[in-house]
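Note: the block below is start_13.cif and it holds mmCIF, C-alpha atoms.
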data_model
loop_
_atom_site.group_PDB
_atom_site.id
_atom_site.type_symbol
_atom_site.label_atom_id
_atom_site.label_comp_id
_atom_site.auth_asym_id
_atom_site.auth_seq_id
_atom_site.Cartn_x
_atom_site.Cartn_y
_atom_site.Cartn_z
ATOM 1 C CA MET A 4 120.417 -3.705 273.524
ATOM 2 C CA ASN A 5 121.420 -3.278 277.154
ATOM 3 C CA ARG A 6 124.071 -0.858 278.307
ATOM 4 C CA THR A 7 126.818 -3.419 278.783
ATOM 5 C CA ARG A 8 126.393 -4.695 275.252
ATOM 6 C CA ALA A 9 126.415 -1.155 273.880
ATOM 7 C CA VAL A 10 129.606 -0.254 275.781
ATOM 8 C CA THR A 11 131.264 -3.477 274.633
ATOM 9 C CA LEU A 12 130.263 -2.779 271.047
ATOM 10 C CA CYS A 13 131.676 0.757 271.372
ATOM 11 C CA ALA A 14 134.995 -0.639 272.583
ATOM 12 C CA MET A 15 135.136 -3.050 269.657
ATOM 13 C CA LEU A 16 134.260 -0.274 267.225
ATOM 14 C CA THR A 17 137.010 1.932 268.697
ATOM 15 C CA ALA A 18 139.504 -0.875 268.204
ATOM 16 C CA LEU A 19 138.270 -1.395 264.653
ATOM 17 C CA ALA A 20 138.529 2.331 263.879
ATOM 18 C CA LEU A 21 142.107 2.376 265.199
ATOM 19 C CA ALA A 22 142.988 -0.658 263.077
ATOM 20 C CA LEU A 23 141.512 1.037 259.995
ATOM 21 C CA SER A 24 143.440 4.257 260.730
ATOM 22 C CA PHE A 25 146.578 2.173 260.869
ATOM 23 C CA ALA A 26 145.713 0.223 257.711
ATOM 24 C CA GLU A 27 145.168 3.374 255.673
ATOM 25 C CA ARG A 28 148.651 4.570 256.588
ATOM 26 C CA LEU A 29 149.932 1.583 254.631
ATOM 27 C CA ILE A 30 148.098 2.690 251.476
ATOM 28 C CA PRO A 31 150.373 5.061 249.514
ATOM 29 C CA LEU A 32 147.518 7.379 248.512
ATOM 30 C CA GLU A 33 149.918 10.273 248.011
ATOM 31 C CA ALA A 34 151.382 8.398 245.047
ATOM 32 C CA VAL A 35 148.005 8.751 243.286
ATOM 33 C CA VAL A 36 147.006 12.178 244.629
ATOM 34 C CA PRO A 37 150.108 14.330 245.188
ATOM 35 C CA LEU A 38 148.613 16.322 248.071
ATOM 36 C CA PRO A 39 150.092 16.050 251.559
ATOM 37 C CA GLY A 40 147.694 15.143 254.316
ATOM 38 C CA VAL A 41 145.173 13.381 252.078
ATOM 39 C CA LYS A 42 143.652 10.315 253.693
ATOM 40 C CA LEU A 43 140.967 7.815 252.714
ATOM 41 C CA GLY A 44 139.125 8.272 255.995
ATOM 42 C CA LEU A 45 138.371 4.576 256.443
ATOM 43 C CA ALA A 46 137.766 5.127 260.165
ATOM 44 C CA ASN A 47 134.768 7.193 259.130
ATOM 45 C CA ILE A 48 133.010 3.966 258.119
ATOM 46 C CA VAL A 49 133.101 2.999 261.792
ATOM 47 C CA THR A 50 131.759 6.395 262.867
ATOM 48 C CA MET A 51 128.906 5.982 260.385
ATOM 49 C CA PHE A 52 128.175 2.478 261.617
ATOM 50 C CA ALA A 53 128.081 3.677 265.230
ATOM 51 C CA LEU A 54 125.862 6.595 264.229
ATOM 52 C CA TYR A 55 123.347 4.361 262.453
ATOM 53 C CA GLN A 56 123.509 1.385 264.785
ATOM 54 C CA LEU A 57 123.892 3.010 268.206
ATOM 55 C CA GLY A 58 123.015 6.671 267.761
ATOM 56 C CA ALA A 59 124.915 9.953 267.854
ATOM 57 C CA ARG A 60 125.971 9.791 271.527
ATOM 58 C CA TYR A 61 127.740 6.455 271.178
ATOM 59 C CA ALA A 62 129.236 7.546 267.846
ATOM 60 C CA LEU A 63 130.660 10.584 269.659
ATOM 61 C CA ALA A 64 132.177 8.359 272.356
ATOM 62 C CA VAL A 65 133.789 6.087 269.753
ATOM 63 C CA LEU A 66 135.114 9.113 267.859
ATOM 64 C CA VAL A 67 136.665 10.799 270.905
ATOM 65 C CA CYS A 68 138.259 7.541 272.112
ATOM 66 C CA ARG A 69 139.644 6.839 268.649
ATOM 67 C CA CYS A 70 141.137 10.340 268.325
ATOM 68 C CA ALA A 71 142.651 10.199 271.813
ATOM 69 C CA LEU A 72 144.177 6.758 271.272
ATOM 70 C CA SER A 73 145.509 7.464 267.784
ATOM 71 C CA SER A 74 147.173 10.663 268.985
ATOM 72 C CA LEU A 75 148.811 8.643 271.785
ATOM 73 C CA LEU A 76 149.964 6.022 269.284
ATOM 74 C CA TRP A 77 151.074 8.172 266.348
ATOM 75 C CA GLY A 78 150.329 11.844 266.435
ATOM 76 C CA GLY A 79 150.879 13.814 269.595
ATOM 77 C CA PRO A 80 148.883 16.649 271.138
ATOM 78 C CA THR A 81 148.669 18.811 267.989
ATOM 79 C CA ALA A 82 147.360 15.877 265.978
ATOM 80 C CA LEU A 83 144.711 15.293 268.640
ATOM 81 C CA TRP A 84 143.201 18.743 268.140
ATOM 82 C CA PHE A 85 143.278 18.359 264.396
ATOM 83 C CA SER A 86 141.620 14.973 264.320
ATOM 84 C CA LEU A 87 139.066 16.106 266.907
ATOM 85 C CA ALA A 88 138.236 19.273 264.960
ATOM 86 C CA GLY A 89 137.766 17.288 261.771
ATOM 87 C CA GLY A 90 136.012 14.370 263.432
ATOM 88 C CA LEU A 91 133.550 16.382 265.502
ATOM 89 C CA LEU A 92 132.524 18.586 262.600
ATOM 90 C CA ALA A 93 132.157 15.511 260.395
ATOM 91 C CA LEU A 94 130.037 13.691 262.984
ATOM 92 C CA GLY A 95 127.830 16.747 263.492
ATOM 93 C CA ALA A 96 127.326 17.086 259.741
ATOM 94 C CA MET A 97 126.567 13.378 259.334
ATOM 95 C CA ALA A 98 124.083 13.365 262.227
ATOM 96 C CA LEU A 99 122.241 16.214 260.502
ATOM 97 C CA ALA A 100 122.540 14.738 257.005
ATOM 98 C CA LYS A 101 121.223 11.402 258.273
ATOM 99 C CA ARG A 102 117.880 13.072 259.014
ATOM 100 C CA ALA A 103 117.547 14.309 255.434
ATOM 101 C CA LYS A 104 115.178 11.916 253.705
ATOM 102 C CA PHE A 105 116.530 12.767 250.247
ATOM 103 C CA LEU A 106 120.058 11.561 251.066
ATOM 104 C CA SER A 107 121.358 8.009 251.000
ATOM 105 C CA VAL A 108 124.338 6.810 253.051
ATOM 106 C CA TYR A 109 126.459 8.155 250.187
ATOM 107 C CA GLY A 110 125.222 11.688 250.806
ATOM 108 C CA VAL A 111 125.805 11.311 254.546
ATOM 109 C CA SER A 112 129.330 10.042 253.942
ATOM 110 C CA LEU A 113 130.064 12.867 251.476
ATOM 111 C CA CYS A 114 128.946 15.466 254.036
ATOM 112 C CA GLY A 115 131.187 13.812 256.618
ATOM 113 C CA ALA A 116 134.233 13.736 254.333
ATOM 114 C CA ALA A 117 133.869 17.374 253.257
ATOM 115 C CA CYS A 118 133.280 18.610 256.807
ATOM 116 C CA HIS A 119 136.217 16.604 258.114
ATOM 117 C CA ASN A 120 138.503 18.538 255.773
ATOM 118 C CA LEU A 121 136.766 21.800 256.627
ATOM 119 C CA GLY A 122 137.299 21.142 260.347
ATOM 120 C CA GLN A 123 140.985 20.395 259.849
ATOM 121 C CA ILE A 124 141.499 23.567 257.822
ATOM 122 C CA LEU A 125 139.661 25.600 260.488
ATOM 123 C CA ALA A 126 141.939 24.045 263.126
ATOM 124 C CA ALA A 127 144.985 24.900 261.009
ATOM 125 C CA MET A 128 143.708 28.476 260.625
ATOM 126 C CA ALA A 129 143.339 28.720 264.403
ATOM 127 C CA VAL A 130 146.772 27.231 265.168
ATOM 128 C CA LEU A 131 148.600 29.325 262.563
ATOM 129 C CA ARG A 132 146.382 32.393 263.044
ATOM 130 C CA SER A 133 146.231 32.744 259.294
ATOM 131 C CA VAL A 134 143.578 32.804 256.595
ATOM 132 C CA SER A 135 145.759 31.715 253.707
ATOM 133 C CA VAL A 136 145.807 28.077 254.855
ATOM 134 C CA ALA A 137 142.274 27.995 253.456
ATOM 135 C CA SER A 138 143.748 28.237 249.948
ATOM 136 C CA TYR A 139 144.402 24.529 250.397
ATOM 137 C CA LEU A 140 140.728 23.785 251.114
ATOM 138 C CA PRO A 141 139.540 23.549 247.470
ATOM 139 C CA PHE A 142 142.020 20.740 246.748
ATOM 140 C CA LEU A 143 140.951 18.841 249.849
ATOM 141 C CA LEU A 144 137.257 19.318 249.037
ATOM 142 C CA VAL A 145 137.655 17.900 245.532
ATOM 143 C CA VAL A 146 139.500 14.885 246.945
ATOM 144 C CA SER A 147 136.825 14.502 249.636
ATOM 145 C CA VAL A 148 134.214 13.857 246.924
ATOM 146 C CA PHE A 149 136.128 10.733 245.908
ATOM 147 C CA THR A 150 136.984 9.563 249.426
ATOM 148 C CA GLY A 151 133.411 10.306 250.549
ATOM 149 C CA LEU A 152 131.983 8.180 247.728
ATOM 150 C CA LEU A 153 134.424 5.394 248.580
ATOM 151 C CA THR A 154 133.609 5.294 252.296
ATOM 152 C CA GLY A 155 129.925 5.689 251.380
ATOM 153 C CA ALA A 156 130.152 2.598 249.186
ATOM 154 C CA ALA A 157 131.914 0.711 251.980
ATOM 155 C CA ALA A 158 129.301 1.772 254.539
ATOM 156 C CA SER A 159 126.502 0.896 252.124
ATOM 157 C CA SER A 160 127.784 -2.655 251.677
ATOM 158 C CA VAL A 161 128.407 -3.072 255.417
ATOM 159 C CA PHE A 162 124.837 -1.988 256.201
ATOM 160 C CA ARG A 163 123.482 -4.290 253.460
ATOM 161 C CA ALA A 164 125.451 -7.235 254.812
ATOM 162 C CA LEU A 165 124.294 -6.542 258.372
ATOM 163 C CA SER A 166 120.680 -5.762 257.483
ATOM 164 C CA HIS A 167 119.495 -8.889 259.347
ATOM 165 C CA VAL A 168 121.095 -7.728 262.621
ATOM 166 C CA PRO A 169 118.487 -6.185 264.935
ATOM 167 C CA ARG A 170 119.008 -2.507 265.550
ATOM 168 C CA ALA A 171 120.019 -1.168 268.920
ATOM 169 C CA GLU A 172 117.997 0.952 271.275
ATOM 170 C CA GLY A 173 118.716 4.601 270.521
ATOM 171 C CA GLY A 174 119.741 3.867 266.957
ATOM 172 C CA GLU A 175 117.645 4.361 263.865
ATOM 173 C CA LYS A 176 114.538 2.151 263.886
ATOM 174 C CA MET B 18 117.015 4.697 257.791
ATOM 175 C CA ASN B 19 118.538 6.388 254.804
ATOM 176 C CA ASP B 20 118.632 4.592 251.498
ATOM 177 C CA LEU B 21 121.634 2.430 250.779
ATOM 178 C CA SER B 22 121.754 3.274 247.072
ATOM 179 C CA PHE B 23 122.991 6.482 245.483
ATOM 180 C CA ARG B 24 120.203 9.036 245.093
ATOM 181 C CA ARG B 25 119.690 12.335 243.344
ATOM 182 C CA GLY B 26 120.124 14.215 246.632
ATOM 183 C CA ASP B 27 123.628 12.753 246.923
ATOM 184 C CA ALA B 28 124.528 14.224 243.539
ATOM 185 C CA ALA B 29 123.346 17.586 244.885
ATOM 186 C CA VAL B 30 125.761 17.170 247.822
ATOM 187 C CA ILE B 31 128.625 16.536 245.369
ATOM 188 C CA ALA B 32 127.638 19.622 243.382
ATOM 189 C CA LEU B 33 127.531 21.653 246.597
ATOM 190 C CA ILE B 34 131.008 20.484 247.699
ATOM 191 C CA LEU B 35 132.488 21.263 244.268
ATOM 192 C CA ALA B 36 130.778 24.668 244.213
ATOM 193 C CA ALA B 37 132.262 25.441 247.639
ATOM 194 C CA ALA B 38 135.704 24.342 246.398
ATOM 195 C CA ILE B 39 135.437 26.542 243.298
ATOM 196 C CA SER B 40 134.254 29.614 245.201
ATOM 197 C CA VAL B 41 137.053 29.365 247.806
ATOM 198 C CA ALA B 42 139.599 28.892 245.014
ATOM 199 C CA ALA B 43 138.118 31.836 243.087
ATOM 200 C CA ALA B 44 138.230 34.078 246.162
ATOM 201 C CA PHE B 45 141.936 33.361 246.635
ATOM 202 C CA ALA B 46 142.699 33.740 242.921
ATOM 203 C CA LEU B 47 140.893 37.104 242.842
ATOM 204 C CA ALA B 48 142.724 38.304 245.939
ATOM 205 C CA ALA B 49 146.047 37.338 244.315
ATOM 206 C CA VAL B 50 145.249 38.959 240.960
ATOM 207 C CA SER B 51 144.096 42.238 242.511
ATOM 208 C CA HIS B 52 147.506 42.667 244.096
ATOM 209 C CA GLY B 53 150.200 42.402 241.455
ATOM 210 C CA GLY B 54 153.764 43.518 242.186
ATOM 211 C CA GLY B 55 156.705 41.359 243.148
ATOM 212 C CA ALA B 56 155.986 38.383 245.350
ATOM 213 C CA VAL B 57 157.589 37.867 248.743
ATOM 214 C CA ALA B 58 157.528 34.885 251.049
ATOM 215 C CA GLU B 59 156.490 35.638 254.602
ATOM 216 C CA VAL B 60 157.766 33.141 257.130
ATOM 217 C CA ARG B 61 155.719 32.889 260.289
ATOM 218 C CA ARG B 62 156.041 30.810 263.407
ATOM 219 C CA ASP B 63 153.069 30.697 265.819
ATOM 220 C CA GLY B 64 151.497 33.397 263.654
ATOM 221 C CA GLU B 65 154.417 35.743 264.282
ATOM 222 C CA LEU B 66 156.305 37.125 261.289
ATOM 223 C CA ILE B 67 159.949 36.096 261.572
ATOM 224 C CA ALA B 68 161.226 36.795 258.071
ATOM 225 C CA THR B 69 160.225 38.280 254.725
ATOM 226 C CA LEU B 70 162.073 36.858 251.735
ATOM 227 C CA PRO B 71 161.664 38.392 248.250
ATOM 228 C CA LEU B 72 161.234 35.590 245.733
ATOM 229 C CA SER B 73 163.509 37.491 243.326
ATOM 230 C CA GLU B 74 166.562 36.817 245.500
ATOM 231 C CA ASP B 75 167.824 33.362 246.300
ATOM 232 C CA ALA B 76 167.957 32.826 250.026
ATOM 233 C CA ARG B 77 168.170 30.172 252.665
ATOM 234 C CA LEU B 78 166.620 30.392 256.130
ATOM 235 C CA VAL B 79 166.743 27.912 258.967
ATOM 236 C CA VAL B 80 163.633 28.093 261.163
ATOM 237 C CA GLU B 81 164.134 26.604 264.590
ATOM 238 C CA GLY B 82 161.190 25.633 266.718
ATOM 239 C CA GLY B 83 160.210 22.291 268.183
ATOM 240 C CA TYR B 84 161.662 21.062 264.900
ATOM 241 C CA THR B 85 163.911 22.557 262.242
ATOM 242 C CA ASN B 86 162.673 23.649 258.802
ATOM 243 C CA VAL B 87 165.063 24.752 256.078
ATOM 244 C CA VAL B 88 163.290 27.311 253.890
ATOM 245 C CA VAL B 89 164.928 27.914 250.516
ATOM 246 C CA VAL B 90 164.156 30.578 247.913
ATOM 247 C CA ALA B 91 165.542 29.682 244.497
ATOM 248 C CA SER B 92 164.707 30.834 240.951
ATOM 249 C CA GLY B 93 161.562 32.717 241.900
ATOM 250 C CA ALA B 94 159.953 30.051 244.077
ATOM 251 C CA VAL B 95 160.079 29.073 247.706
ATOM 252 C CA CYS B 96 160.096 25.597 249.223
ATOM 253 C CA ILE B 97 160.836 23.870 252.495
ATOM 254 C CA GLU B 98 163.927 21.993 251.418
ATOM 255 C CA SER B 99 164.256 19.812 254.463
ATOM 256 C CA SER B 100 162.647 19.308 257.833
ATOM 257 C CA ASP B 101 163.056 16.936 260.741
ATOM 258 C CA CYS B 102 159.368 17.069 261.646
ATOM 259 C CA PRO B 103 157.358 13.843 261.750
ATOM 260 C CA GLY B 104 155.568 13.262 258.450
ATOM 261 C CA GLY B 105 157.497 15.757 256.363
ATOM 262 C CA ASP B 106 154.339 17.007 254.637
ATOM 263 C CA CYS B 107 155.851 20.495 254.383
ATOM 264 C CA VAL B 108 158.761 19.198 252.286
ATOM 265 C CA ARG B 109 156.439 17.203 250.039
ATOM 266 C CA SER B 110 154.310 20.320 249.390
ATOM 267 C CA GLY B 111 156.942 21.297 246.836
ATOM 268 C CA ARG B 112 157.785 24.751 245.471
ATOM 269 C CA ILE B 113 155.307 27.629 245.415
ATOM 270 C CA SER B 114 155.514 31.088 243.867
ATOM 271 C CA ARG B 115 151.951 32.362 243.350
ATOM 272 C CA PRO B 116 150.604 34.893 245.892
ATOM 273 C CA GLY B 117 147.998 33.273 248.092
ATOM 274 C CA ARG B 118 149.727 29.904 248.211
ATOM 275 C CA ALA B 119 151.283 28.697 251.439
ATOM 276 C CA LEU B 120 153.555 25.965 252.755
ATOM 277 C CA VAL B 121 152.728 24.731 256.189
ATOM 278 C CA CYS B 122 154.621 22.697 258.748
ATOM 279 C CA LEU B 123 152.038 21.974 261.410
ATOM 280 C CA PRO B 124 154.332 20.097 263.847
ATOM 281 C CA ASN B 125 156.635 23.134 263.904
ATOM 282 C CA ARG B 126 153.694 25.606 263.619
ATOM 283 C CA VAL B 127 155.479 27.317 260.744
ATOM 284 C CA GLU B 128 153.837 28.855 257.742
ATOM 285 C CA VAL B 129 155.537 30.147 254.600
ATOM 286 C CA ARG B 130 153.076 32.309 252.718
ATOM 287 C CA VAL B 131 153.588 33.978 249.343
ATOM 288 C CA VAL B 132 152.129 37.466 249.178
ATOM 289 C CA SER B 133 152.619 40.289 246.727
ATOM 290 C CA GLU B 134 155.031 42.972 247.862
ATOM 291 C CA THR B 135 152.539 45.813 247.596
ATOM 292 C CA ALA B 136 149.763 43.840 249.207
ATOM 293 C CA ALA B 137 147.438 45.182 251.812
ATOM 294 C CA PRO B 138 147.011 42.683 254.649
ATOM 295 C CA TYR B 139 145.908 39.474 253.027
ATOM 296 C CA VAL B 140 143.053 38.930 255.455
ATOM 297 C CA ASP B 141 141.286 42.065 254.268
ATOM 298 C CA ALA B 142 141.768 41.102 250.659
ATOM 299 C CA VAL B 143 139.921 37.824 251.208
ATOM 300 C CA ALA B 144 137.139 39.388 253.196
ATOM 301 C CA SER B 145 136.436 42.157 250.688
#
Exercise: express the given structure as structure tokens:
Amino acid sequence: MNRTRAVTLCAMLTALALALSFAERLIPLEAVVPLPGVKLGLANIVTMFALYQLGARYALAVLVCRCALSSLLWGGPTALWFSLAGGLLALGAMALAKRAKFLSVYGVSLCGAACHNLGQILAAMAVLRSVSVASYLPFLLVVSVFTGLLTGAAASSVFRALSHVPRAEGGEK
Amino acid sequence: MNDLSFRRGDAAVIALILAAAISVAAAFALAAVSHGGGAVAEVRRDGELIATLPLSEDARLVVEGGYTNVVVVASGAVCIESSDCPGGDCVRSGRISRPGRALVCLPNRVEVRVVSETAAPYVDAVAS
């Protein structure tokens, strides 16, 4: 895949990730799980797709653009740092987990979901200069098992459906 | 390319995440138990202690920052009764009374933390 195609694909993926972030705001997840701040993490499917299809560097670009744009649209500067902290840690964990031969896309997605929550808690600990925020981490981790499995299943079916599409340069062969 | 179907290694990841959750929860529970004594709510903004409210006395505190949180202590528990922050997650966090638990309003950078009155600094308790 040439550079122009890759950049265009990145732009489309960023738009898709933003649309998914918006869509998951419409799902009243807090009615099922009464924990504030719990999200499905649908945008993580896009990060995984970019990671597998284009490689870690393009996935990073999509992630940073998505975080910047969503904080402009909804969050604000504080939200930017939180989504970046979660997103970067999640991407790093997924890039590592992807190399593990004994993990499927489910395992990769689970690592991403758990590390996303870990990153957000670490950011909260830094902003509030407090350790006790971490008492919230166990709840988030348990929820991340379910959301990680869900996004893993979504990514698995996306990859299955697109298995005939030739893989990009720099992505997994 | 990783497999697309669930594998045994994935189950190990789940076990690992749950084990991490349990050990963090256990660390906080232990730290809370080892303290005892009456619980107080410490209200912090930007990490700076601005008020200490004993949970035994009903109280009401308005915390001004970029936004306004109304912190209320009633019948042995503390909650953020109302807030004009975007999201309102702090209000939805409900009432807490156990040492080690905390209410957080990130937009306002406010934290309401329950600690036991006799407690050594909480940070040390977790580390030890």
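Near chain A, the residues of chain B that fall inside 6 Å (using only C-alpha atoms) are Asn19, Asp20, Leu21, Phe23, Gly26, Asp27, Ala38, Ala42, Asp63, Gly64 and Asp106 of chain B.
The space separating CA of Leu76 in chain A from CA of Leu29 in chain A comes to 15.3 Å.
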**Prompt:** Care to translate the PyMOL selection byres ((chain B and resi 84) around 9) into actual residues of this file, as a ChimeraX atom specification?
**Reply:** /B:80-83,85-86,100-103,124-125
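Across the structure, CA of Leu35 in chain B and CA of Val35 in chain A are spaced 20.0 Å apart.
Counting all atoms listed in the file, the residue from A:Leu125, A:Leu92, A:Leu75, A:Leu66 that sits nearest to Cys13 in chain A is A:Leu66.
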Which protein, DNA or RNA residues are at most 9 Å from (134.2, 7.1, 256.6) in the file's coordinates when you count all atoms listed in the file, listed as a PDB file with C-alpha atoms, in the frame of the given file?
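Writing done, so here's point-v1.pdb:
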ATOM      1  CA  LEU A  43     140.967   7.815 252.714  1.00  0.00           C
ATOM      2  CA  GLY A  44     139.125   8.272 255.995  1.00  0.00           C
ATOM      3  CA  LEU A  45     138.371   4.576 256.443  1.00  0.00           C
ATOM      4  CA  ALA A  46     137.766   5.127 260.165  1.00  0.00           C
ATOM      5  CA  ASN A  47     134.768   7.193 259.130  1.00  0.00           C
ATOM      6  CA  ILE A  48     133.010   3.966 258.119  1.00  0.00           C
ATOM      7  CA  VAL A  49     133.101   2.999 261.792  1.00  0.00           C
ATOM      8  CA  THR A  50     131.759   6.395 262.867  1.00  0.00           C
ATOM      9  CA  MET A  51     128.906   5.982 260.385  1.00  0.00           C
ATOM     10  CA  SER A 112     129.330  10.042 253.942  1.00  0.00           C
ATOM     11  CA  LEU A 113     130.064  12.867 251.476  1.00  0.00           C
ATOM     12  CA  GLY A 115     131.187  13.812 256.618  1.00  0.00           C
ATOM     13  CA  ALA A 116     134.233  13.736 254.333  1.00  0.00           C
ATOM     14  CA  THR A 150     136.984   9.563 249.426  1.00  0.00           C
ATOM     15  CA  GLY A 151     133.411  10.306 250.549  1.00  0.00           C
ATOM     16  CA  LEU A 153     134.424   5.394 248.580  1.00  0.00           C
ATOM     17  CA  THR A 154     133.609   5.294 252.296  1.00  0.00           C
ATOM     18  CA  GLY A 155     129.925   5.689 251.380  1.00  0.00           C
ATOM     19  CA  ALA A 157     131.914   0.711 251.980  1.00  0.00           C
ATOM     20  CA  ALA A 158     129.301   1.772 254.539  1.00  0.00           C
TER      21      ALA A 158
END
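Atom pair CA of Val41 in chain A / CA of Gly90 in chain A has a distance of 14.6 Å (rounded to one decimal).
Excluding Ala91 in chain B itself and same-chain residues fewer than 6 positions from it, the residues having an atom within 9 Å of it are Leu72, Ser73, Glu74, Asp75, Ala76 and Arg77 of chain B, counting all atoms listed in the file.
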Care to translate the PyMOL selection byres ((chain B and resi 57) around 8) into actual residues of this file, as a VMD selection string?
chain B and resid 55 to 56 58 to 59 69 to 72 131 to 134
Task: Test item: which residues lie within 12 Å of (136.8, -2.7, 265.7) counting all atoms listed in the file, as a list in words - done: Thr11, Leu12, Cys13, Ala14, Met15, Leu16, Thr17, Ala18, Leu19, Ala20, Leu21, Ala22, Leu23, Ser24, Phe25, Leu45, Ala46, Ile48, Val49, Thr50, Phe52, Ala53, Val65 and Arg69 of chain A
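Using all atoms listed in the file, the protein and nucleic acid residues lying no more than 6 Å from Val87 in chain B, apart from those fewer than 5 places from it along its own chain, are Leu78, Val79, Ile97, Glu98 and Ser99 of chain B.
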Could you add N, CA and C atoms to range 48-61 of chain A and give me the result as a PDB file, in the frame of the given file?
ATOM      1  N   ILE A  48     134.001   5.033 258.290  1.00  0.00           N
ATOM      2  CA  ILE A  48     133.010   3.966 258.119  1.00  0.00           C
ATOM      3  C   ILE A  48     132.508   3.522 259.484  1.00  0.00           C
ATOM      4  N   VAL A  49     133.460   3.422 260.437  1.00  0.00           N
ATOM      5  CA  VAL A  49     133.101   2.999 261.792  1.00  0.00           C
ATOM      6  C   VAL A  49     132.215   4.044 262.458  1.00  0.00           C
ATOM      7  N   THR A  50     132.580   5.325 262.298  1.00  0.00           N
ATOM      8  CA  THR A  50     131.759   6.395 262.867  1.00  0.00           C
ATOM      9  C   THR A  50     130.338   6.317 262.312  1.00  0.00           C
ATOM     10  N   MET A  51     130.232   6.083 260.998  1.00  0.00           N
ATOM     11  CA  MET A  51     128.906   5.982 260.385  1.00  0.00           C
ATOM     12  C   MET A  51     128.132   4.795 260.935  1.00  0.00           C
ATOM     13  N   PHE A  52     128.834   3.673 261.082  1.00  0.00           N
ATOM     14  CA  PHE A  52     128.175   2.478 261.617  1.00  0.00           C
ATOM     15  C   PHE A  52     127.651   2.753 263.020  1.00  0.00           C
ATOM     16  N   ALA A  53     128.496   3.372 263.859  1.00  0.00           N
ATOM     17  CA  ALA A  53     128.081   3.677 265.230  1.00  0.00           C
ATOM     18  C   ALA A  53     126.897   4.638 265.231  1.00  0.00           C
ATOM     19  N   LEU A  54     126.946   5.607 264.321  1.00  0.00           N
ATOM     20  CA  LEU A  54     125.862   6.595 264.229  1.00  0.00           C
ATOM     21  C   LEU A  54     124.538   5.926 263.866  1.00  0.00           C
ATOM     22  N   TYR A  55     124.572   5.013 262.903  1.00  0.00           N
ATOM     23  CA  TYR A  55     123.347   4.361 262.453  1.00  0.00           C
ATOM     24  C   TYR A  55     122.889   3.292 263.435  1.00  0.00           C
ATOM     25  N   GLN A  56     123.861   2.543 263.979  1.00  0.00           N
ATOM     26  CA  GLN A  56     123.509   1.385 264.785  1.00  0.00           C
ATOM     27  C   GLN A  56     123.224   1.764 266.238  1.00  0.00           C
ATOM     28  N   LEU A  57     123.989   2.717 266.779  1.00  0.00           N
ATOM     29  CA  LEU A  57     123.892   3.010 268.206  1.00  0.00           C
ATOM     30  C   LEU A  57     123.377   4.415 268.505  1.00  0.00           C
ATOM     31  N   GLY A  58     123.468   5.297 267.532  1.00  0.00           N
ATOM     32  CA  GLY A  58     123.015   6.671 267.761  1.00  0.00           C
ATOM     33  C   GLY A  58     124.192   7.623 267.942  1.00  0.00           C
ATOM     34  N   ALA A  59     123.876   8.921 267.904  1.00  0.00           N
ATOM     35  CA  ALA A  59     124.915   9.953 267.854  1.00  0.00           C
ATOM     36  C   ALA A  59     125.785   9.963 269.112  1.00  0.00           C
ATOM     37  N   ARG A  60     125.192   9.685 270.289  1.00  0.00           N
ATOM     38  CA  ARG A  60     125.971   9.791 271.527  1.00  0.00           C
ATOM     39  C   ARG A  60     127.060   8.735 271.588  1.00  0.00           C
ATOM     40  N   TYR A  61     126.718   7.502 271.188  1.00  0.00           N
ATOM     41  CA  TYR A  61     127.740   6.455 271.178  1.00  0.00           C
ATOM     42  C   TYR A  61     128.772   6.706 270.081  1.00  0.00           C
TER      43      TYR A  61
END
